[in-house]
Every structure is written in structure tokens, then in C-alpha cells.
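Visitor: Contents of my_file_21.cif (mmCIF, C-alpha atoms and all ligand atoms) are below:
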data_entry
#
loop_
_atom_site.label_atom_id
_atom_site.label_comp_id
_atom_site.auth_asym_id
_atom_site.auth_seq_id
_atom_site.Cartn_x
_atom_site.Cartn_y
_atom_site.Cartn_z
CA MET A 262 -14.59 -24.67 16.77
CA GLY A 263 -11.72 -24.50 14.30
CA THR A 264 -8.31 -22.91 14.62
CA HIS A 265 -8.23 -19.21 15.49
CA TYR A 266 -5.53 -16.71 14.63
CA SER A 267 -5.44 -12.99 15.25
CA SER A 268 -4.58 -11.04 12.10
CA ARG A 269 -1.09 -10.48 13.51
CA GLU A 270 -0.62 -14.21 14.17
CA MET A 271 -1.81 -15.02 10.66
CA ILE A 272 0.59 -12.44 9.15
CA ASP A 273 3.45 -14.02 11.15
CA LYS A 274 2.41 -17.43 9.89
CA LEU A 275 2.22 -16.53 6.19
CA ILE A 276 5.45 -14.49 6.19
CA GLY A 277 7.17 -17.52 7.76
CA PHE A 278 6.73 -19.57 4.58
CA ASP A 279 9.60 -18.78 2.21
CA THR A 280 7.48 -18.48 -0.91
CA VAL A 281 9.97 -16.67 -3.13
CA SER A 282 8.59 -17.39 -6.60
CA ARG A 283 11.26 -19.96 -7.53
CA ASN A 284 10.25 -22.08 -4.50
CA SER A 285 7.18 -24.21 -4.00
CA ASN A 286 4.28 -22.51 -2.23
CA MET A 287 2.69 -25.83 -1.24
CA GLU A 288 3.41 -25.54 2.49
CA LEU A 289 1.58 -22.23 2.63
CA ILE A 290 -1.30 -23.57 0.53
CA ASP A 291 -1.59 -26.71 2.67
CA PHE A 292 -1.59 -24.60 5.81
CA VAL A 293 -4.41 -22.40 4.46
CA ALA A 294 -6.40 -25.42 3.28
CA ASP A 295 -6.04 -27.08 6.71
CA TYR A 296 -7.04 -23.89 8.46
CA LEU A 297 -10.13 -23.47 6.29
CA GLU A 298 -10.93 -27.16 6.72
CA SER A 299 -10.86 -26.69 10.50
CA HIS A 300 -13.74 -24.26 9.95
CA GLY A 301 -15.57 -26.68 7.71
CA ILE A 302 -14.63 -24.91 4.48
CA SER A 303 -13.32 -26.99 1.62
CA SER A 304 -10.89 -25.51 -0.85
CA THR A 305 -9.78 -26.33 -4.38
CA ARG A 306 -6.16 -26.37 -5.46
CA VAL A 307 -5.26 -25.52 -9.05
CA PHE A 308 -1.74 -26.80 -9.69
CA ASN A 309 1.05 -25.73 -12.02
CA ASP A 310 2.15 -28.24 -14.67
CA ASP A 311 4.69 -30.06 -12.50
CA LYS A 312 2.51 -29.90 -9.38
CA THR A 313 5.10 -28.02 -7.32
CA LYS A 314 2.89 -24.97 -6.82
CA ALA A 315 -0.79 -24.33 -6.52
CA ASN A 316 -3.46 -21.68 -6.52
CA LEU A 317 -6.24 -22.15 -3.99
CA TYR A 318 -9.80 -20.97 -4.08
CA ALA A 319 -12.47 -21.45 -1.45
CA THR A 320 -15.90 -20.11 -0.61
CA VAL A 321 -17.19 -18.96 2.76
CA GLY A 322 -20.94 -18.55 2.90
CA PRO A 323 -23.70 -19.71 0.59
CA MET A 324 -22.91 -21.00 -2.91
CA ILE A 325 -24.88 -18.30 -4.66
CA GLU A 326 -24.24 -15.52 -7.15
CA GLY A 327 -23.25 -12.00 -6.11
CA GLY A 328 -20.27 -12.85 -3.91
CA ILE A 329 -17.00 -10.99 -3.50
CA VAL A 330 -13.63 -12.45 -4.49
CA LEU A 331 -10.67 -11.52 -2.27
CA SER A 332 -7.57 -12.15 -4.31
CA GLY A 333 -3.94 -12.28 -3.23
CA HIS A 334 -0.73 -13.76 -4.58
CA THR A 335 1.21 -16.04 -2.25
CA ASP A 336 4.64 -15.60 -3.80
CA VAL A 337 7.19 -12.92 -2.96
CA VAL A 338 10.29 -11.52 -4.65
CA PRO A 339 13.81 -12.68 -3.68
CA VAL A 340 15.87 -11.18 -0.86
CA GLU A 341 19.38 -12.06 -2.09
CA GLY A 342 21.75 -9.16 -2.43
CA GLN A 343 19.53 -6.91 -0.34
CA PRO A 344 20.81 -5.46 2.94
CA TRP A 345 18.09 -6.75 5.31
CA SER A 346 18.57 -5.81 8.97
CA THR A 347 16.40 -8.71 10.18
CA ASP A 348 15.41 -12.17 8.96
CA PRO A 349 13.03 -11.41 6.06
CA PHE A 350 10.93 -14.51 6.82
CA THR A 351 10.29 -13.69 10.48
CA VAL A 352 8.02 -10.76 11.27
CA VAL A 353 9.77 -8.20 13.46
CA GLU A 354 7.73 -5.42 15.05
CA LYS A 355 9.48 -2.07 15.50
CA ASP A 356 8.27 1.54 15.71
CA GLY A 357 4.69 0.76 14.72
CA ARG A 358 5.68 -1.33 11.75
CA LEU A 359 5.90 -5.02 10.92
CA TYR A 360 9.02 -5.90 8.95
CA GLY A 361 9.33 -8.92 6.67
CA ARG A 362 9.28 -9.97 3.03
CA GLY A 363 5.70 -9.85 1.81
CA THR A 364 4.33 -7.74 4.66
CA SER A 365 3.16 -5.13 2.14
CA ASP A 366 3.34 -7.12 -1.10
CA MET A 367 1.04 -8.83 -0.25
CA LYS A 368 0.60 -11.46 2.41
CA SER A 369 -0.95 -9.15 5.02
CA PHE A 370 -4.10 -8.64 2.95
CA SER A 371 -4.67 -12.38 2.60
CA ALA A 372 -3.70 -13.02 6.23
CA ILE A 373 -6.11 -10.41 7.59
CA ALA A 374 -8.94 -11.74 5.43
CA LEU A 375 -8.20 -15.34 6.47
CA SER A 376 -8.09 -14.41 10.18
CA LYS A 377 -11.65 -13.11 9.76
CA VAL A 378 -13.06 -16.45 8.62
CA PRO A 379 -14.52 -17.23 12.08
CA GLU A 380 -16.23 -13.81 12.02
CA MET A 381 -17.61 -14.52 8.54
CA ILE A 382 -19.06 -17.79 9.79
CA GLU A 383 -20.39 -16.38 13.04
CA LYS A 384 -22.16 -13.47 11.35
CA GLY A 385 -23.68 -15.74 8.73
CA LEU A 386 -22.93 -14.35 5.29
CA SER A 387 -25.94 -13.95 3.03
CA SER A 388 -23.58 -13.39 0.06
CA PRO A 389 -20.39 -15.43 -0.22
CA ILE A 390 -16.75 -14.39 0.15
CA HIS A 391 -14.46 -16.30 -2.17
CA PHE A 392 -10.75 -16.54 -1.45
CA ALA A 393 -8.47 -16.69 -4.49
CA LEU A 394 -4.77 -17.22 -3.69
CA SER A 395 -2.34 -17.50 -6.57
CA TYR A 396 1.28 -18.50 -7.25
CA ASP A 397 3.90 -16.96 -9.57
CA GLU A 398 2.43 -13.47 -9.70
CA GLU A 399 5.85 -11.89 -9.30
CA VAL A 400 7.24 -13.66 -12.33
CA GLY A 401 4.61 -12.47 -14.81
CA CYS A 402 1.18 -13.26 -13.32
CA ILE A 403 1.58 -16.81 -14.57
CA GLY A 404 -0.39 -18.72 -11.94
CA ALA A 405 -3.71 -16.90 -11.69
CA PRO A 406 -5.18 -17.42 -15.19
CA ARG A 407 -5.85 -21.13 -14.71
CA MET A 408 -7.56 -20.45 -11.38
CA ILE A 409 -9.60 -17.59 -12.82
CA GLU A 410 -10.76 -19.94 -15.56
CA GLN A 411 -12.00 -22.41 -12.94
CA ILE A 412 -13.62 -19.71 -10.83
CA ALA A 413 -15.49 -18.50 -13.92
CA ALA A 414 -16.55 -22.05 -14.79
CA ASN A 415 -17.29 -23.52 -11.35
CA LEU A 416 -18.39 -20.82 -8.95
CA PRO A 417 -21.71 -18.98 -8.90
CA ARG A 418 -20.93 -15.68 -10.55
CA PRO A 419 -19.30 -13.19 -8.12
CA ARG A 420 -20.19 -9.54 -8.52
CA ALA A 421 -16.80 -8.06 -7.71
CA VAL A 422 -13.14 -8.90 -7.26
CA ILE A 423 -10.85 -7.06 -4.84
CA VAL A 424 -7.16 -7.65 -5.46
CA GLY A 425 -5.31 -6.73 -2.28
CA GLU A 426 -2.11 -5.30 -3.72
CA PRO A 427 -0.64 -2.59 -1.47
CA THR A 428 -2.50 0.63 -2.27
CA MET A 429 -2.58 2.12 1.26
CA MET A 430 -6.25 1.06 1.20
CA ASP A 431 -6.89 3.51 -1.63
CA ILE A 432 -8.89 2.43 -4.64
CA VAL A 433 -6.97 1.69 -7.79
CA SER A 434 -9.17 1.17 -10.82
CA ALA A 435 -6.52 0.99 -13.53
CA HIS A 436 -3.12 -0.57 -13.98
CA LYS A 437 -0.80 -0.91 -16.92
CA GLY A 438 -0.40 -4.24 -18.65
CA ILE A 439 2.93 -5.91 -19.23
CA LEU A 440 4.19 -8.05 -22.05
CA THR A 441 7.66 -9.56 -21.66
CA LEU A 442 9.82 -10.79 -24.50
CA VAL A 443 13.18 -12.30 -25.38
CA THR A 444 14.86 -11.55 -28.69
CA THR A 445 17.74 -13.69 -29.90
CA VAL A 446 20.00 -12.52 -32.71
CA THR A 447 22.18 -15.11 -34.44
CA GLY A 448 24.99 -13.82 -36.66
CA ARG A 449 28.30 -15.31 -37.70
CA GLU A 450 31.58 -15.47 -35.78
CA ALA A 451 34.78 -14.07 -37.26
CA HIS A 452 38.08 -12.55 -36.15
CA SER A 453 37.23 -9.02 -35.17
CA SER A 454 39.57 -7.65 -37.85
CA LEU A 455 37.60 -9.40 -40.59
CA VAL A 456 34.41 -7.41 -40.35
CA GLU A 457 33.21 -8.34 -43.82
CA ASP A 458 33.33 -12.06 -43.04
CA GLY A 459 31.14 -11.98 -39.94
CA VAL A 460 27.87 -10.62 -38.62
CA SER A 461 28.07 -9.22 -35.10
CA ALA A 462 24.97 -10.28 -33.23
CA VAL A 463 25.93 -7.90 -30.41
CA MET A 464 26.03 -4.87 -32.70
CA VAL A 465 22.75 -5.84 -34.34
CA GLY A 466 21.27 -6.33 -30.87
CA ALA A 467 22.42 -2.84 -29.88
CA LYS A 468 20.60 -1.35 -32.88
CA LEU A 469 17.43 -3.28 -32.11
CA ILE A 470 17.51 -2.10 -28.50
CA SER A 471 17.83 1.43 -29.75
CA TYR A 472 14.83 0.80 -32.05
CA ILE A 473 12.88 -0.15 -28.90
CA THR A 474 14.06 3.06 -27.25
CA ASP A 475 12.83 5.04 -30.27
CA MET A 476 9.36 3.45 -30.11
CA MET A 477 9.13 4.55 -26.47
CA ALA A 478 10.23 8.08 -27.39
CA GLU A 479 7.40 8.22 -29.93
CA ASN A 480 4.93 7.16 -27.25
CA LYS A 481 6.20 9.86 -24.97
CA ALA A 482 5.89 12.45 -27.72
CA ARG A 483 2.27 11.55 -28.40
CA SER A 484 1.31 11.10 -24.72
CA ASP A 485 -1.87 12.65 -23.39
CA ALA A 486 -1.52 14.99 -20.42
CA ASP A 487 -4.82 13.65 -19.02
CA CYS A 488 -3.55 10.08 -18.94
CA PRO A 489 -3.61 9.08 -15.24
CA PHE A 490 -0.51 6.87 -15.36
CA SER A 491 3.00 7.87 -14.40
CA PRO A 492 4.66 8.05 -16.84
CA PRO A 493 1.57 8.70 -18.99
CA TYR A 494 2.49 6.47 -21.92
CA THR A 495 3.46 2.92 -22.86
CA THR A 496 7.06 2.24 -21.88
CA LEU A 497 9.45 -0.15 -23.60
CA THR A 498 12.64 -1.12 -21.79
CA CYS A 499 15.41 -3.67 -22.12
CA GLY A 500 16.55 -5.14 -18.80
CA VAL A 501 19.07 -7.87 -19.67
CA VAL A 502 21.55 -8.35 -22.54
CA ASN A 503 23.77 -11.37 -23.09
CA GLY A 504 26.13 -11.84 -26.00
CA GLY A 505 29.62 -12.42 -27.28
CA THR A 506 32.54 -14.49 -26.09
CA ALA A 507 35.61 -12.27 -26.39
CA GLY A 508 36.58 -8.72 -27.24
CA ASN A 509 38.32 -9.77 -30.46
CA ILE A 510 35.62 -12.08 -31.80
CA ILE A 511 32.65 -10.88 -33.81
CA ALA A 512 29.80 -12.24 -31.73
CA ARG A 513 27.65 -15.03 -33.12
CA GLU A 514 24.85 -14.70 -30.60
CA CYS A 515 23.15 -11.98 -28.62
CA SER A 516 19.90 -12.15 -26.69
CA PHE A 517 18.07 -9.56 -24.71
CA MET A 518 15.01 -9.42 -22.48
CA TRP A 519 12.64 -6.52 -22.83
CA ASP A 520 9.19 -5.50 -21.73
CA ILE A 521 6.28 -3.39 -22.84
CA ARG A 522 4.27 -1.81 -20.01
CA HIS A 523 1.23 -0.55 -21.79
CA ILE A 524 -1.59 1.83 -20.96
CA PRO A 525 -5.06 0.26 -21.49
CA GLU A 526 -5.57 2.18 -24.76
CA ASP A 527 -2.49 0.65 -26.41
CA ASP A 528 -2.40 -2.84 -27.84
CA PRO A 529 1.04 -4.20 -26.94
CA MET A 530 1.00 -6.50 -29.98
CA MET A 531 1.15 -3.43 -32.17
CA PHE A 532 4.69 -2.79 -30.88
CA VAL A 533 5.65 -6.45 -31.10
CA ASN A 534 4.44 -6.73 -34.70
CA ARG A 535 6.14 -3.52 -35.68
CA PHE A 536 9.41 -4.69 -34.10
CA ILE A 537 9.25 -8.06 -35.85
CA ALA A 538 8.45 -6.44 -39.20
CA HIS A 539 11.43 -4.12 -38.73
CA CYS A 540 13.69 -7.12 -38.00
CA ASP A 541 12.43 -9.17 -40.93
CA GLU A 542 12.19 -6.45 -43.54
CA GLU A 543 14.82 -3.87 -42.64
CA VAL A 544 17.55 -5.70 -40.74
CA LEU A 545 17.68 -9.37 -41.67
CA PRO A 546 18.14 -9.06 -45.47
CA GLY A 547 21.41 -7.14 -44.92
CA LEU A 548 22.71 -9.74 -42.46
CA ARG A 549 21.88 -12.63 -44.75
CA LYS A 550 24.00 -11.21 -47.56
CA ILE A 551 27.02 -12.14 -45.43
CA ALA A 552 25.56 -14.98 -43.36
CA PRO A 553 22.54 -16.78 -44.86
CA GLU A 554 22.05 -18.57 -41.52
CA ALA A 555 21.52 -15.27 -39.65
CA SER A 556 18.26 -14.99 -37.73
CA ILE A 557 16.37 -12.78 -35.33
CA VAL A 558 13.80 -14.60 -33.22
CA THR A 559 11.44 -12.88 -30.78
CA GLU A 560 9.51 -14.88 -28.21
CA ILE A 561 6.74 -13.63 -25.95
CA ARG A 562 7.32 -14.83 -22.36
CA SER A 563 4.27 -13.42 -20.62
CA ASN A 564 1.35 -11.17 -21.41
CA VAL A 565 -0.69 -9.56 -18.65
CA PRO A 566 -3.60 -7.37 -19.67
CA ALA A 567 -4.03 -3.86 -18.33
CA LEU A 568 -6.85 -3.04 -15.90
CA ASN A 569 -9.30 -0.64 -17.54
CA PRO A 570 -11.20 1.81 -15.38
CA GLU A 571 -14.85 0.64 -15.40
CA ASP A 572 -17.74 3.01 -15.80
CA SER A 573 -19.57 2.81 -12.42
CA GLY A 574 -18.08 -0.65 -11.89
CA GLU A 575 -19.55 -2.81 -9.10
CA ALA A 576 -16.16 -3.40 -7.50
CA GLU A 577 -15.29 0.27 -7.35
CA MET A 578 -18.74 1.23 -6.03
CA LEU A 579 -18.52 -1.41 -3.31
CA VAL A 580 -15.02 -0.42 -2.19
CA ARG A 581 -15.92 3.27 -2.29
CA SER A 582 -18.84 2.66 0.02
CA LEU A 583 -16.73 0.55 2.40
CA THR A 584 -13.73 2.88 2.57
CA GLY A 585 -15.56 6.19 2.21
CA LYS A 586 -13.06 7.14 -0.47
CA ASN A 587 -14.37 9.01 -3.48
CA THR A 588 -11.49 8.81 -5.87
CA ALA A 589 -9.78 6.03 -7.72
CA SER A 590 -6.30 6.17 -9.15
CA ALA A 591 -4.10 4.41 -11.68
CA VAL A 592 -0.82 2.57 -11.07
CA SER A 593 1.96 1.70 -13.47
CA TYR A 594 2.77 -1.77 -12.16
CA ALA A 595 0.91 -4.77 -13.52
CA ALA A 596 -1.20 -7.09 -11.37
CA GLU A 597 -3.71 -9.91 -11.64
CA ALA A 598 -6.63 -7.47 -11.67
CA GLY A 599 -6.49 -7.11 -15.46
CA GLN A 600 -6.75 -10.91 -15.75
CA PHE A 601 -9.87 -11.03 -13.59
CA GLN A 602 -11.40 -8.18 -15.55
CA GLN A 603 -10.59 -9.86 -18.85
CA ALA A 604 -12.53 -12.90 -17.58
CA GLY A 605 -15.56 -10.65 -17.17
CA PHE A 606 -15.39 -9.71 -13.48
CA SER A 607 -15.68 -6.17 -12.14
CA THR A 608 -12.31 -5.63 -10.43
CA VAL A 609 -10.32 -3.09 -8.43
CA LEU A 610 -7.13 -3.08 -6.39
CA CYS A 611 -7.36 -2.17 -2.72
CA GLY A 612 -5.05 -3.44 -0.01
CA PRO A 613 -2.96 -2.43 3.00
CA GLY A 614 0.66 -1.33 2.81
CA SER A 615 2.68 0.67 0.37
CA ILE A 616 4.00 -0.33 -3.04
CA GLY A 617 6.89 2.01 -2.26
CA VAL A 618 8.42 -0.52 0.13
CA ALA A 619 7.53 -3.59 -1.94
CA HIS A 620 10.46 -5.52 -3.42
CA GLN A 621 12.82 -3.49 -1.17
CA PRO A 622 15.10 -4.60 1.67
CA ASN A 623 13.42 -4.12 5.06
CA GLU A 624 9.96 -4.23 3.51
CA TYR A 625 7.36 -3.36 6.14
CA ILE A 626 3.71 -2.60 6.73
CA ASP A 627 2.47 0.08 9.12
CA ILE A 628 0.39 -1.43 11.91
CA ALA A 629 -2.09 1.38 11.19
CA GLN A 630 -2.53 -0.15 7.73
CA VAL A 631 -3.19 -3.56 9.27
CA LYS A 632 -5.87 -1.94 11.43
CA ALA A 633 -7.37 -0.18 8.42
CA ALA A 634 -7.57 -3.48 6.53
CA GLU A 635 -9.13 -5.22 9.55
CA GLU A 636 -11.82 -2.55 9.67
CA PHE A 637 -12.38 -2.85 5.95
CA MET A 638 -12.88 -6.62 6.25
CA SER A 639 -15.27 -6.23 9.16
CA LYS A 640 -17.34 -3.70 7.20
CA LEU A 641 -17.36 -6.00 4.21
CA ILE A 642 -18.52 -8.91 6.38
CA ASP A 643 -21.27 -6.76 7.93
CA ARG A 644 -22.38 -5.66 4.49
CA LEU A 645 -22.56 -9.20 3.22
CA SER A 646 -24.37 -10.43 6.33
CA GLN A 647 -27.30 -8.07 6.00
ZN ZN A 701 2.12 -7.90 -5.41
#
Just give me the structure of the file as C-alpha cells.

Guide:
Amino acid sequence: MGTHYSSREMIDKLIGFDTVSRNSNMELIDFVADYLESHGISSTRVFNDDKTKANLYATVGPMIEGGIVLSGHTDVVPVEGQPWSTDPFTVVEKDGRLYGRGTSDMKSFSAIALSKVPEMIEKGLSSPIHFALSYDEEVGCIGAPRMIEQIAANLPRPRAVIVGEPTMMDIVSAHKGILTLVTTVTGREAHSSLVEDGVSAVMVGAKLISYITDMMAENKARSDADCPFSPPYTTLTCGVVNGGTAGNIIARECSFMWDIRHIPEDDPMMFVNRFIAHCDEEVLPGLRKIAPEASIVTEIRSNVPALNPEDSGEAEMLVRSLTGKNTASAVSYAAEAGQFQQAGFSTVLCGPGSIGVAHQPNEYIDIAQVKAAEEFMSKLIDRLSQ
């Protein structure tokens, strides 16, 4: 009964949906919902505001406490401007690898887990497996929070969450958080010879960016050699600057995008508040002497909490016993794991593939990693069927 896919067929299927974050992921979600439905499993969609994208969660097994959440994001990063040798949305097998956008980050994990649904049903789970598929992870982990809220409110309490980001099936118990911001400086235009009549937003912006650089340098100076992250401190970087209209015009506007990737011990708001205080108290009064309309506005775009290592956490203990691995590590990228943990769930990252090829042209997953994840899922199913 129901539709069957091998893990390879399911990977092919999911990679085939072009779910670059700017696109809708509804075709993929509908496909998964139909597939689960064919096995008698109902799923719940949690939509974005304009209903163009959705998260999906579903439970296989009994509706009781103590289940395991398998979490994966459905979106992928763009392929434009990257020298791909093959069609990124068609899986191509070559030299023991599967090539395609999302093979490592991170459709294979979800695909392998989904292909095991018939096995989950056949073995008769005594504890449930909950699927949690999100949208818009790659643009700031925007989709998952509203699903996590519903999982916390509507499902019998799970005991662990496994987020299948590509870790080469190693256990990752900590990740940095990320807070993204946009700062807009408004000054006053003037002929570039008349420097005392204008306020250059571009030059003010340059100083503020260098203030951000200085905060990072302080973090580096006070960093702890035992900190497991690389680099072992909170980083602050500016990725985009826009401003000015011509070389001989003092620029009226300048905006820049920056981010704070923080270690769990650091509160990112500390840096935001310090930056804003610097703008308001040290910089703005000088600008307003020339241009009373001058302003510096900083907006937070997204805020993803860090994943803290848990002391003998359920999720880590479970994954250790399934993989036989005795160590857990820390990664510097942000993921949805911190959001699950913040909602009160024991959480780790563990998934097939390498973060080293994620977001790259010719992204691939080793077939050996697919096998390792299949084994992991089978062990998990056996464990939960006892
Ligand atoms: Zn990812």
C-alpha cells in the first residue's frame, strides 16, 4: 500500500523541485503531503503570510510523548553565476557521488527519512517520528519558528530533535547564532567642493563600518582558546554597501547590511545596543550641526539563536548511541537547531553530506554518506520500535 521510493529515487524527486528560497516550495510540500497521505499519514502545513510557501509537519507512529523530530529545510541557495557542469536540479551520479543543488544542504536527509516511511509503518513504531520540513532557512531561518510554535503547542512532547544539516553524520551540539541588520545613514547632498554645506552619508557609513570592525577586533582579542568555534569569537561583518550618486556629489544616503555571528555566551543585542548608542551619542550630534535632518537608522532583519551544548542532552545521547560516535563538535554557521532548543527541545545537528560543498557550484553528496544516513534511519526505527 502507498507509494514507494528508494532513498535515491526520493533524493532525485526532491532535488527536482527548484526550491531556491525566492521561489515557492509548495510543489515540494504538496508532493510530500501526497506521499505521506498515500501511507495514511496526515500532515499539517504552516504557511507564510502570503501563502506562497509552507512548512509541513507530520507524525508517523502513535500520538504520544517521547518521539523524535527529524527536521530539514526545503529551500536551497541560488545557482546563478556559479559554473555548474550539470543541471543543478537534476541529480547526476558520477564517481560515487550524486551532484545537484541541495544534495548535501540538505534535501538528502529529508529524502532518506521520507523513503523510510513504509519501514516505519511496517515495524510499528512504539514512539513516534515527527517530520518537520521548513521554508526560508537559507534567508535567515525565517520559516521554522511558526512551525516550531505549533509543534510545541499541538504535538505530544518529543524528547529530541535531529536537524539533518550536513555534518558527515557527525554530531554537532553547538552552532553560532546570527543576527542580521541594515543601517541607513541619511546626510545632506552638496557639491563635493562645498564640504561644509553637506553631510556625506557614505563617509559616515565608512566610519560606522570601521566601528563594527573594531568591535570584532575586541572580540578576537578577548577570545578564549578553549572556545570550540572557528573562529573562536563573535564575528561582525558588513557584506553589502550602497550609497551615493556621483563622484562629485556629497552623498545624501548610504545603507549597509551587516551581521553578527555570535558564540552562545555572547548576547548579540549587546553589540547592537552599543552600536546604536555610538551612532546616537557620538556621531549624530556632529552631523546635525550641519544637517538637522540627518539620521542613522538601524533595523534588525533576522535573529537566529545559537545552539548551546546541552549537558547530557537527550538528543546528543540518542545520536551518540545510534552512530557510535563519542564526540560532538561546534560549527560556525547558523541553523534552525537553536530555534528548536529555544522552544525547549533537546536538539543536535546530524546529517549526511559535507557543509564544505554546500552553497557551491557542483554541490554533491557521497553515496557512502547516503548509505550512512540510511543505516542511521534504520537503527533509529529499530530503536523506536522496541
Ligand atoms: Zn542547510

Visitor: Please give the centre and size of the box around range 608-619 of chain A (axis-aligned, containing every atom listed in the file, 8 Å added per side), with values in Å to one decimal and written as AutoDock Vina command-line options.

Guide:
--center_x -1.9 --center_y -1.8 --center_z -3.7 --size_x 36.7 --size_y 23.6 --size_z 29.4

Visitor: Determine the nearest neighbour of ligand ZN 701 (chain A) from the options A:Cys402, A:Val340, A:Ala634, A:Ile409, counting all atoms listed in the file.

Guide: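 Smallest separation from ligand ZN 701 (chain A) among the options: A:Cys402.
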
Visitor: Ranking A:Arg269, A:Arg581, A:His334, A:Arg358 by minimum distance to ligand ZN 701 (chain A) and counting only C-alpha atoms and all ligand atoms, which one comes first?

Guide: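 Nearest candidate to ligand ZN 701 (chain A) out of A:Arg269, A:Arg581, A:His334, A:Arg358: A:His334.
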
Visitor: Using only C-alpha atoms and all ligand atoms, I'd like a table of the residues in chain A that come within 6 Å of ligand ZN 701 (chain A); for each, show the closest atom pair and its distance in Å rounded to one decimal, ordered by chain and ascending number, as JSON lines.

Guide:
{"residue": "A:Asp366", "atom": "CA", "partner": "A:ZN701", "partner_atom": "ZN", "distance": 4.5}
{"residue": "A:Met367", "atom": "CA", "partner": "A:ZN701", "partner_atom": "ZN", "distance": 5.4}
{"residue": "A:Glu426", "atom": "CA", "partner": "A:ZN701", "partner_atom": "ZN", "distance": 5.2}

Visitor: Please provide the set of residues having any atom within 6 Å of Ile626 in chain A, restricted to only C-alpha atoms, with same-chain residues fewer than 5 positions apart removed, written as number ranges by chain.

Guide: A: 358-359, 364-365, 614

Visitor: Could you jot down the CA of Ala598 in chain A to CA of Pro406 in chain A separation for me, Å, one decimal place?

Guide: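 Separation between CA of Ala598 in chain A and CA of Pro406 in chain A: 10.7 Å.
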
Visitor: For each of A:Ile473, A:Val422, A:Ala435, A:Val544, take the minimum atom-to-atom distance to Glu526 in chain A, counting only C-alpha atoms, then give the residue where this is smallest.

Guide: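 That would be A:Ala435, the residue with the smallest distance to Glu526 in chain A.
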